[in-house]
$ cat final_0.pdb   # PDB, C-alpha atoms, pLDDT in the B column
ATOM      1  CA  MET Y   1       0.000   0.000   0.000  1.00 41.00           C
ATOM      2  CA  ARG Y   2       1.488   3.352  -1.013  1.00 41.00           C
ATOM      3  CA  ARG Y   3       1.256   6.317   1.312  1.00 42.00           C
ATOM      4  CA  SER Y   4       1.153   9.958   0.285  1.00 42.00           C
ATOM      5  CA  ILE Y   5       3.666  12.493   1.493  1.00 43.00           C
ATOM      6  CA  PRO Y   6       1.213  13.886   4.076  1.00 40.00           C
ATOM      7  CA  SER Y   7       0.420  10.379   5.293  1.00 41.00           C
ATOM      8  CA  LEU Y   8       4.102   9.585   5.722  1.00 42.00           C
ATOM      9  CA  LEU Y   9       4.794  12.664   7.710  1.00 44.00           C
ATOM     10  CA  LEU Y  10       1.697  12.197   9.840  1.00 42.00           C
ATOM     11  CA  VAL Y  11       2.501   8.622  10.769  1.00 40.00           C
ATOM     12  CA  LEU Y  12       6.268   8.820  11.024  1.00 41.00           C
ATOM     13  CA  LEU Y  13       6.695   9.686  14.669  1.00 36.00           C
ATOM     14  CA  PRO Y  14       3.575   8.419  16.375  1.00 38.00           C
ATOM     15  CA  LEU Y  15       3.907   4.979  14.864  1.00 34.00           C
ATOM     16  CA  LEU Y  16       7.644   4.928  15.404  1.00 36.00           C
ATOM     17  CA  THR Y  17       7.341   5.257  19.139  1.00 36.00           C
ATOM     18  CA  SER Y  18       4.314   3.121  19.933  1.00 41.00           C
ATOM     19  CA  PRO Y  19       1.648   1.298  17.925  1.00 35.00           C
ATOM     20  CA  ALA Y  20      -1.020   2.704  20.260  1.00 33.00           C
ATOM     21  CA  LEU Y  21       0.066   6.312  19.804  1.00 34.00           C
ATOM     22  CA  GLU Y  22      -1.613   7.829  16.772  1.00 45.00           C
ATOM     23  CA  ALA Y  23      -1.196  11.154  15.049  1.00 56.00           C
ATOM     24  CA  ARG Y  24      -3.812  13.831  15.556  1.00 65.00           C
ATOM     25  CA  LYS Y  25      -6.530  12.586  13.214  1.00 67.00           C
ATOM     26  CA  ASN Y  26      -7.617  15.984  11.929  1.00 77.00           C
ATOM     27  CA  ASP Y  27      -4.038  16.845  10.871  1.00 73.00           C
ATOM     28  CA  ARG Y  28      -4.687  14.825   7.708  1.00 65.00           C
ATOM     29  CA  GLU Y  29      -7.441  17.211   6.689  1.00 76.00           C
ATOM     30  CA  GLN Y  30      -5.215  20.275   7.095  1.00 79.00           C
ATOM     31  CA  PRO Y  31      -3.289  21.838   4.217  1.00 79.00           C
ATOM     32  CA  MET Y  32       0.400  20.963   4.012  1.00 76.00           C
ATOM     33  CA  ASN Y  33       2.745  23.913   3.695  1.00 85.00           C
ATOM     34  CA  VAL Y  34       6.356  23.555   2.568  1.00 87.00           C
ATOM     35  CA  ARG Y  35       8.734  26.483   2.821  1.00 95.00           C
ATOM     36  CA  SER Y  36      12.340  26.417   1.661  1.00 96.00           C
ATOM     37  CA  ASP Y  37      15.030  28.668   0.258  1.00 98.00           C
ATOM     38  CA  ARG Y  38      14.869  26.848  -3.066  1.00 97.00           C
ATOM     39  CA  GLN Y  39      12.789  24.243  -4.887  1.00 95.00           C
ATOM     40  CA  THR Y  40      13.866  22.341  -7.976  1.00 96.00           C
ATOM     41  CA  GLY Y  41      11.992  19.725  -9.968  1.00 93.00           C
ATOM     42  CA  GLY Y  42       8.390  19.358 -11.011  1.00 86.00           C
ATOM     43  CA  LEU Y  43       5.068  18.045  -9.819  1.00 80.00           C
ATOM     44  CA  GLY Y  44       4.533  15.588 -12.687  1.00 86.00           C
ATOM     45  CA  ASP Y  45       3.992  11.849 -12.177  1.00 89.00           C
ATOM     46  CA  ASP Y  46       7.659  11.021 -12.839  1.00 92.00           C
ATOM     47  CA  ASP Y  47       9.278  14.119 -11.402  1.00 91.00           C
ATOM     48  CA  ASN Y  48      11.505  14.457  -8.397  1.00 92.00           C
ATOM     49  CA  VAL Y  49      11.218  17.538  -6.218  1.00 92.00           C
ATOM     50  CA  VAL Y  50      14.054  18.801  -4.050  1.00 96.00           C
ATOM     51  CA  PHE Y  51      13.500  21.445  -1.403  1.00 95.00           C
ATOM     52  CA  ASN Y  52      16.774  23.023  -0.209  1.00 97.00           C
ATOM     53  CA  GLY Y  53      17.671  25.332   2.626  1.00 97.00           C
ATOM     54  CA  ASN Y  54      15.706  25.903   5.809  1.00 96.00           C
ATOM     55  CA  VAL Y  55      12.990  23.432   4.831  1.00 96.00           C
ATOM     56  CA  GLU Y  56       9.899  23.776   7.007  1.00 95.00           C
ATOM     57  CA  ILE Y  57       6.941  21.443   6.544  1.00 87.00           C
ATOM     58  CA  THR Y  58       3.771  21.987   8.558  1.00 87.00           C
ATOM     59  CA  GLN Y  59       0.405  20.253   8.514  1.00 83.00           C
ATOM     60  CA  GLY Y  60      -1.828  20.712  11.524  1.00 87.00           C
ATOM     61  CA  THR Y  61       0.314  19.907  14.573  1.00 88.00           C
ATOM     62  CA  LEU Y  62       3.055  18.298  12.454  1.00 82.00           C
ATOM     63  CA  GLN Y  63       6.284  20.299  12.201  1.00 90.00           C
ATOM     64  CA  VAL Y  64       9.311  19.133  10.195  1.00 89.00           C
ATOM     65  CA  ASN Y  65      12.584  21.037   9.891  1.00 96.00           C
ATOM     66  CA  ALA Y  66      15.340  19.858   7.565  1.00 97.00           C
ATOM     67  CA  ALA Y  67      18.131  21.231   5.435  1.00 98.00           C
ATOM     68  CA  THR Y  68      16.912  19.256   2.401  1.00 97.00           C
ATOM     69  CA  ALA Y  69      13.781  17.285   1.497  1.00 94.00           C
ATOM     70  CA  THR Y  70      13.796  15.101  -1.629  1.00 93.00           C
ATOM     71  CA  VAL Y  71      10.641  13.440  -2.974  1.00 86.00           C
ATOM     72  CA  GLU Y  72      11.163  10.815  -5.692  1.00 90.00           C
ATOM     73  CA  ARG Y  73       8.074   9.836  -7.749  1.00 88.00           C
ATOM     74  CA  ARG Y  74       7.443   7.307 -10.544  1.00 91.00           C
ATOM     75  CA  GLY Y  75       4.100   6.781 -12.242  1.00 92.00           C
ATOM     76  CA  GLY Y  76       2.492   9.196  -9.807  1.00 85.00           C
ATOM     77  CA  ASP Y  77       3.592   7.143  -6.782  1.00 84.00           C
ATOM     78  CA  VAL Y  78       6.105   8.257  -4.194  1.00 79.00           C
ATOM     79  CA  GLN Y  79       9.120   5.942  -4.431  1.00 88.00           C
ATOM     80  CA  ARG Y  80      11.175   7.485  -1.675  1.00 88.00           C
ATOM     81  CA  ILE Y  81      11.329  10.523   0.582  1.00 87.00           C
ATOM     82  CA  VAL Y  82      14.642  11.631   2.052  1.00 95.00           C
ATOM     83  CA  LEU Y  83      14.960  14.340   4.701  1.00 96.00           C
ATOM     84  CA  GLU Y  84      18.472  15.507   5.576  1.00 97.00           C
ATOM     85  CA  GLY Y  85      19.724  17.988   8.134  1.00 95.00           C
ATOM     86  CA  SER Y  86      21.876  18.708  11.101  1.00 88.00           C
ATOM     87  CA  PRO Y  87      19.618  17.257  12.390  1.00 96.00           C
ATOM     88  CA  VAL Y  88      16.202  16.708  10.827  1.00 96.00           C
ATOM     89  CA  ARG Y  89      13.625  17.524  13.512  1.00 93.00           C
ATOM     90  CA  ILE Y  90      10.073  16.193  13.521  1.00 87.00           C
ATOM     91  CA  ARG Y  91       7.432  17.091  16.110  1.00 88.00           C
ATOM     92  CA  GLN Y  92       3.756  16.137  16.271  1.00 82.00           C
ATOM     93  CA  GLU Y  93       0.935  16.028  18.770  1.00 83.00           C
ATOM     94  CA  ASN Y  94      -1.578  13.177  19.055  1.00 72.00           C
ATOM     95  CA  ASP Y  95      -5.296  13.360  19.894  1.00 73.00           C
ATOM     96  CA  ARG Y  96      -4.484  13.120  23.615  1.00 75.00           C
ATOM     97  CA  GLY Y  97      -2.250  16.183  23.408  1.00 83.00           C
ATOM     98  CA  GLU Y  98       0.974  14.189  23.844  1.00 80.00           C
ATOM     99  CA  VAL Y  99       3.948  15.468  21.884  1.00 85.00           C
ATOM    100  CA  VAL Y 100       6.410  13.190  20.106  1.00 79.00           C
ATOM    101  CA  ASP Y 101       9.798  14.557  19.032  1.00 85.00           C
ATOM    102  CA  ALA Y 102      12.284  12.823  16.763  1.00 85.00           C
ATOM    103  CA  GLN Y 103      15.551  13.796  15.206  1.00 93.00           C
ATOM    104  CA  ALA Y 104      18.256  12.248  13.057  1.00 95.00           C
ATOM    105  CA  ALA Y 105      20.795  13.371  10.497  1.00 97.00           C
ATOM    106  CA  ARG Y 106      18.790  11.580   7.782  1.00 97.00           C
ATOM    107  CA  VAL Y 107      15.232  10.238   7.598  1.00 93.00           C
ATOM    108  CA  THR Y 108      14.321   7.955   4.679  1.00 93.00           C
ATOM    109  CA  TYR Y 109      10.937   6.473   3.791  1.00 82.00           C
ATOM    110  CA  ALA Y 110      10.434   3.852   1.068  1.00 82.00           C
ATOM    111  CA  PRO Y 111       6.720   3.064   0.549  1.00 75.00           C
ATOM    112  CA  ASP Y 112       7.375  -0.210  -1.335  1.00 82.00           C
ATOM    113  CA  ASP Y 113       9.272  -1.553   1.679  1.00 82.00           C
ATOM    114  CA  GLU Y 114       7.084   0.238   4.259  1.00 76.00           C
ATOM    115  CA  ILE Y 115      10.279   1.095   6.162  1.00 81.00           C
ATOM    116  CA  ILE Y 116      11.173   4.393   7.803  1.00 80.00           C
ATOM    117  CA  LEU Y 117      14.862   4.763   8.642  1.00 91.00           C
ATOM    118  CA  LEU Y 118      16.240   7.389  11.011  1.00 91.00           C
ATOM    119  CA  ALA Y 119      20.028   7.423  10.715  1.00 94.00           C
ATOM    120  CA  GLY Y 120      22.775   9.406  12.369  1.00 94.00           C
ATOM    121  CA  ASP Y 121      22.314  10.111  16.068  1.00 92.00           C
ATOM    122  CA  ALA Y 122      18.645   9.116  15.919  1.00 92.00           C
ATOM    123  CA  ARG Y 123      16.476  10.069  18.901  1.00 90.00           C
ATOM    124  CA  VAL Y 124      12.758   9.633  19.563  1.00 82.00           C
ATOM    125  CA  ALA Y 125      11.173  11.107  22.702  1.00 84.00           C
ATOM    126  CA  GLN Y 126       7.705  11.338  24.198  1.00 80.00           C
ATOM    127  CA  ASP Y 127       6.302  11.791  27.700  1.00 80.00           C
ATOM    128  CA  ARG Y 128       6.672   8.090  28.584  1.00 78.00           C
ATOM    129  CA  GLY Y 129      10.309   7.855  27.557  1.00 82.00           C
ATOM    130  CA  GLU Y 130      12.867   8.104  24.827  1.00 86.00           C
ATOM    131  CA  PHE Y 131      15.412   6.085  22.953  1.00 81.00           C
ATOM    132  CA  THR Y 132      18.530   6.937  21.039  1.00 90.00           C
ATOM    133  CA  ALA Y 133      20.610   4.921  18.616  1.00 92.00           C
ATOM    134  CA  GLY Y 134      22.800   5.401  15.594  1.00 92.00           C
ATOM    135  CA  THR Y 135      19.917   4.069  13.488  1.00 92.00           C
ATOM    136  CA  ILE Y 136      16.265   3.343  14.132  1.00 89.00           C
ATOM    137  CA  ARG Y 137      14.259   1.289  11.590  1.00 86.00           C
ATOM    138  CA  TYR Y 138      10.482   1.123  11.760  1.00 76.00           C
ATOM    139  CA  ASN Y 139       8.314  -1.260   9.714  1.00 74.00           C
ATOM    140  CA  LEU Y 140       4.896   0.291   9.028  1.00 64.00           C
ATOM    141  CA  ASP Y 141       3.380  -3.112   8.124  1.00 68.00           C
ATOM    142  CA  THR Y 142       4.442  -5.041  11.211  1.00 71.00           C
ATOM    143  CA  GLY Y 143       5.011  -2.244  13.719  1.00 62.00           C
ATOM    144  CA  SER Y 144       8.416  -3.666  14.584  1.00 71.00           C
ATOM    145  CA  ILE Y 145      11.299  -1.431  15.586  1.00 76.00           C
ATOM    146  CA  ASP Y 146      14.928  -2.381  15.005  1.00 82.00           C
ATOM    147  CA  SER Y 147      17.500  -0.053  16.560  1.00 82.00           C
ATOM    148  CA  GLY Y 148      21.260  -0.159  16.549  1.00 81.00           C
ATOM    149  CA  GLY Y 149      23.300  -2.892  14.931  1.00 74.00           C
ATOM    150  CA  ASP Y 150      25.636  -0.225  13.638  1.00 76.00           C
ATOM    151  CA  GLY Y 151      28.359  -0.563  16.254  1.00 76.00           C
ATOM    152  CA  GLY Y 152      26.789   1.951  18.634  1.00 80.00           C
ATOM    153  CA  ARG Y 153      24.676   1.405  21.721  1.00 84.00           C
ATOM    154  CA  VAL Y 154      20.908   1.740  21.974  1.00 83.00           C
ATOM    155  CA  ILE Y 155      19.819   3.730  25.003  1.00 81.00           C
ATOM    156  CA  THR Y 156      16.212   3.539  26.198  1.00 79.00           C
ATOM    157  CA  THR Y 157      14.657   5.484  29.059  1.00 82.00           C
ATOM    158  CA  ILE Y 158      11.176   4.432  30.222  1.00 81.00           C
ATOM    159  CA  GLN Y 159       9.367   6.773  32.573  1.00 81.00           C
ATOM    160  CA  PRO Y 160       7.121   5.240  35.258  1.00 82.00           C
ATOM    161  CA  LYS Y 161       3.397   5.404  34.641  1.00 78.00           C
ATOM    162  CA  ALA Y 162       1.915   8.489  36.270  1.00 74.00           C
ATOM    163  CA  ARG Y 163      -0.043   7.624  39.391  1.00 74.00           C
ATOM    164  CA  PRO Y 164      -3.447   9.211  40.018  1.00 75.00           C
ATOM    165  CA  ALA Y 165      -3.409  12.113  42.482  1.00 73.00           C
ATOM    166  CA  GLY Y 166      -3.804  11.051  46.099  1.00 68.00           C
ATOM    167  CA  ASN Y 167      -1.853   7.765  45.789  1.00 63.00           C
TER     168      ASN Y 167
END
$ encode --input "final_0.pdb" --output "structure tokens"
Amino acid sequence: MRRSIPSLLLVLLPLLTSPALEARKNDREQPMNVRSDRQTGGLGDDDNVVFNGNVEITQGTLQVNAATATVERRGGDVQRIVLEGSPVRIRQENDRGEVVDAQAARVTYAPDDEIILLAGDARVAQDRGEFTAGTIRYNLDTGSIDSGGDGGRVITTIQPKARPAGN
């Protein structure tokens, strides 16, 4: 199943951190705005588009900042999206008002493989905890996360569940 650019960006972080954590549902109905210092390429079915310099993508509560965003398309379908920066920063709120933050030097999404790869000092954080690794791979089909394996250590911090007041 192919996902659109807005769908990718809306599901990237919430699904990466927890299958139960979903993006704010009405974000998908909001317009997507992309700002950059330069854009090259076209919007045709087989065109690639490259946004360079101070790339800012917003859609509802979703905020993405990158140095470069490249969208590769064939036959009208997105083949790959690559976000690069020092680092790429992604932030989004879910329907419960919880914020998820992620960052990496490079974020790649390949719809045919249904894999999102955060590489280069990858970090994902939310209220319940965070984890860091050199690379973090997330499979959209299975929900599995594979971190590390690149010679570095994976560090996970899990916050205790908040207790109700009075306990």
$ closest_residue --input "final_0.pdb" --among "Y:Thr142, Y:Phe131, Y:Ile81, Y:Asp27" --to "Y:Leu117" --atoms "all atoms listed in the file"
Y:Ile81
$ resolve_selection --input "final_0.pdb" --expression "the PyMOL selection byres ((chain Y and resi 147) around 6)" --output "JSON, numbers by chain"
{"Y": [135, 136, 146, 148]}
$ residues_around --input "final_0.pdb" --residues "Y:Gln159" --least-positions-apart "5" --cutoff "10 Å" --atoms "only C-alpha atoms" --output "mmCIF file with C-alpha atoms, in the frame of the given file"
data_model
loop_
_atom_site.group_PDB
_atom_site.id
_atom_site.type_symbol
_atom_site.label_atom_id
_atom_site.label_comp_id
_atom_site.auth_asym_id
_atom_site.auth_seq_id
_atom_site.Cartn_x
_atom_site.Cartn_y
_atom_site.Cartn_z
ATOM 1 C CA GLN Y 126 7.705 11.338 24.198
ATOM 2 C CA ASP Y 127 6.302 11.791 27.700
ATOM 3 C CA ARG Y 128 6.672 8.090 28.584
ATOM 4 C CA GLY Y 129 10.309 7.855 27.557
ATOM 5 C CA GLU Y 130 12.867 8.104 24.827
#
$ resolve_selection --input "final_0.pdb" --expression "the PyMOL selection byres ((chain Y and resi 54) around 9)" --output "ChimeraX atom specification"
/Y:35-38,51-53,55-56,65-68
$ closest_residue --input "final_0.pdb" --among "Y:Ala162, Y:Ile116, Y:Val78, Y:Leu62" --to "Y:Ile90" --atoms "all atoms listed in the file"
Y:Leu62
$ resolve_selection --input "final_0.pdb" --expression "the PyMOL selection byres ((chain Y and resi 47) around 9)" --output "CSV table (one decimal) with C-alpha atoms, keeping the file's coordinate frame"
chain,number,residue,atom,x,y,z
Y,41,GLY,CA,12.0,19.7,-10.0
Y,42,GLY,CA,8.4,19.4,-11.0
Y,43,LEU,CA,5.1,18.0,-9.8
Y,44,GLY,CA,4.5,15.6,-12.7
Y,45,ASP,CA,4.0,11.8,-12.2
Y,46,ASP,CA,7.7,11.0,-12.8
Y,48,ASN,CA,11.5,14.5,-8.4
Y,49,VAL,CA,11.2,17.5,-6.2
Y,71,VAL,CA,10.6,13.4,-3.0
Y,72,GLU,CA,11.2,10.8,-5.7
Y,73,ARG,CA,8.1,9.8,-7.7
Y,74,ARG,CA,7.4,7.3,-10.5
Y,76,GLY,CA,2.5,9.2,-9.8
$ atom_distance --input "final_0.pdb" --atom1 "atom CA of Y:Thr61" --atom2 "atom CA of Y:Arg96"
12.3 Å
$ atom_distance --input "final_0.pdb" --atom1 "atom CA of Y:Gln63" --atom2 "atom CA of Y:Arg91"
5.2 Å
$ closest_residue --input "final_0.pdb" --among "Y:Leu118, Y:Val50, Y:Val88, Y:Ile145" --to "Y:Val64" --atoms "only C-alpha atoms"
Y:Val88
$ closest_residue --input "final_0.pdb" --among "Y:Ala119, Y:Met32, Y:Ala69, Y:Ala165" --to "Y:Ala102" --atoms "all atoms listed in the file"
Y:Ala119
$ decode --input "final_0.pdb" --residues "stretch 78-91 of chain Y" --atoms "all heavy atoms" --output "tab-separated table (two decimals), in the first residue's frame"
chain	number	residue	atom	x	y	z
Y	78	VAL	N	4.88	7.89	-4.90
Y	78	VAL	CA	6.10	8.26	-4.19
Y	78	VAL	C	6.96	7.00	-4.05
Y	78	VAL	O	6.51	5.99	-3.53
Y	78	VAL	CB	5.79	8.85	-2.80
Y	78	VAL	CG1	7.06	9.06	-2.02
Y	78	VAL	CG2	5.01	10.16	-2.95
Y	79	GLN	N	8.18	7.06	-4.54
Y	79	GLN	CA	9.12	5.94	-4.43
Y	79	GLN	C	9.96	6.04	-3.17
Y	79	GLN	O	10.27	5.04	-2.54
Y	79	GLN	CB	10.05	5.90	-5.64
Y	79	GLN	CG	9.34	5.68	-6.95
Y	79	GLN	CD	8.62	4.34	-6.98
Y	79	GLN	OE1	9.24	3.30	-6.82
Y	79	GLN	NE2	7.32	4.37	-7.17
Y	80	ARG	N	10.33	7.28	-2.84
Y	80	ARG	CA	11.18	7.48	-1.68
Y	80	ARG	C	11.12	8.94	-1.27
Y	80	ARG	O	11.03	9.84	-2.11
Y	80	ARG	CB	12.60	7.08	-2.01
Y	80	ARG	CG	13.53	7.05	-0.83
Y	80	ARG	CD	14.82	6.36	-1.19
Y	80	ARG	NE	15.68	7.26	-1.95
Y	80	ARG	CZ	16.98	7.32	-1.81
Y	80	ARG	NH1	17.60	6.52	-0.97
Y	80	ARG	NH2	17.68	8.16	-2.53
Y	81	ILE	N	11.20	9.17	0.04
Y	81	ILE	CA	11.33	10.52	0.58
Y	81	ILE	C	12.57	10.52	1.46
Y	81	ILE	O	12.74	9.63	2.30
Y	81	ILE	CB	10.10	10.92	1.42
Y	81	ILE	CG1	8.85	10.95	0.54
Y	81	ILE	CG2	10.32	12.26	2.10
Y	81	ILE	CD1	7.58	11.15	1.31
Y	82	VAL	N	13.42	11.51	1.26
Y	82	VAL	CA	14.64	11.63	2.05
Y	82	VAL	C	14.69	13.03	2.65
Y	82	VAL	O	14.61	14.02	1.93
Y	82	VAL	CB	15.91	11.39	1.20
Y	82	VAL	CG1	17.17	11.56	2.04
Y	82	VAL	CG2	15.87	10.01	0.55
Y	83	LEU	N	14.79	13.09	3.97
Y	83	LEU	CA	14.96	14.34	4.70
Y	83	LEU	C	16.38	14.34	5.27
Y	83	LEU	O	16.79	13.36	5.88
Y	83	LEU	CB	13.96	14.44	5.85
Y	83	LEU	CG	12.48	14.34	5.49
Y	83	LEU	CD1	11.64	14.15	6.74
Y	83	LEU	CD2	12.04	15.57	4.72
Y	84	GLU	N	17.11	15.43	5.06
Y	84	GLU	CA	18.47	15.51	5.58
Y	84	GLU	C	18.65	16.82	6.32
Y	84	GLU	O	18.05	17.83	5.96
Y	84	GLU	CB	19.48	15.41	4.44
Y	84	GLU	CG	19.44	14.06	3.75
Y	84	GLU	CD	20.39	13.97	2.58
Y	84	GLU	OE1	20.13	14.64	1.57
Y	84	GLU	OE2	21.38	13.23	2.72
Y	85	GLY	N	19.49	16.78	7.36
Y	85	GLY	CA	19.72	17.99	8.13
Y	85	GLY	C	20.73	17.76	9.22
Y	85	GLY	O	21.30	16.70	9.35
Y	86	SER	N	20.91	18.78	10.01
Y	86	SER	CA	21.88	18.71	11.10
Y	86	SER	C	21.24	19.13	12.41
Y	86	SER	O	21.60	20.14	12.98
Y	86	SER	CB	23.07	19.60	10.79
Y	86	SER	OG	23.74	19.17	9.66
Y	87	PRO	N	20.30	18.44	12.94
Y	87	PRO	CA	19.62	17.26	12.39
Y	87	PRO	C	18.27	17.62	11.77
Y	87	PRO	O	17.83	18.76	11.84
Y	87	PRO	CB	19.38	16.42	13.65
Y	87	PRO	CG	19.10	17.45	14.71
Y	87	PRO	CD	19.99	18.64	14.36
Y	88	VAL	N	17.61	16.60	11.20
Y	88	VAL	CA	16.20	16.71	10.83
Y	88	VAL	C	15.43	16.66	12.14
Y	88	VAL	O	15.72	15.83	13.00
Y	88	VAL	CB	15.76	15.52	9.92
Y	88	VAL	CG1	14.26	15.55	9.69
Y	88	VAL	CG2	16.54	15.52	8.62
Y	89	ARG	N	14.46	17.52	12.30
Y	89	ARG	CA	13.63	17.52	13.51
Y	89	ARG	C	12.17	17.35	13.10
Y	89	ARG	O	11.70	18.04	12.19
Y	89	ARG	CB	13.79	18.81	14.29
Y	89	ARG	CG	15.18	19.00	14.83
Y	89	ARG	CD	15.28	20.29	15.66
Y	89	ARG	NE	16.65	20.57	16.01
Y	89	ARG	CZ	17.29	20.06	17.04
Y	89	ARG	NH1	16.68	19.22	17.84
Y	89	ARG	NH2	18.54	20.39	17.28
Y	90	ILE	N	11.48	16.45	13.79
Y	90	ILE	CA	10.07	16.19	13.52
Y	90	ILE	C	9.34	16.23	14.86
Y	90	ILE	O	9.78	15.63	15.84
Y	90	ILE	CB	9.87	14.82	12.85
Y	90	ILE	CG1	10.69	14.76	11.56
Y	90	ILE	CG2	8.39	14.59	12.56
Y	90	ILE	CD1	10.74	13.39	10.93
Y	91	ARG	N	8.22	16.94	14.88
Y	91	ARG	CA	7.43	17.09	16.11
Y	91	ARG	C	5.96	16.99	15.73
Y	91	ARG	O	5.54	17.58	14.73
Y	91	ARG	CB	7.73	18.44	16.74
Y	91	ARG	CG	6.94	18.76	17.97
Y	91	ARG	CD	7.33	20.17	18.46
Y	91	ARG	NE	6.51	20.59	19.54
Y	91	ARG	CZ	6.80	20.42	20.83
Y	91	ARG	NH1	7.91	19.84	21.17
Y	91	ARG	NH2	5.98	20.84	21.76
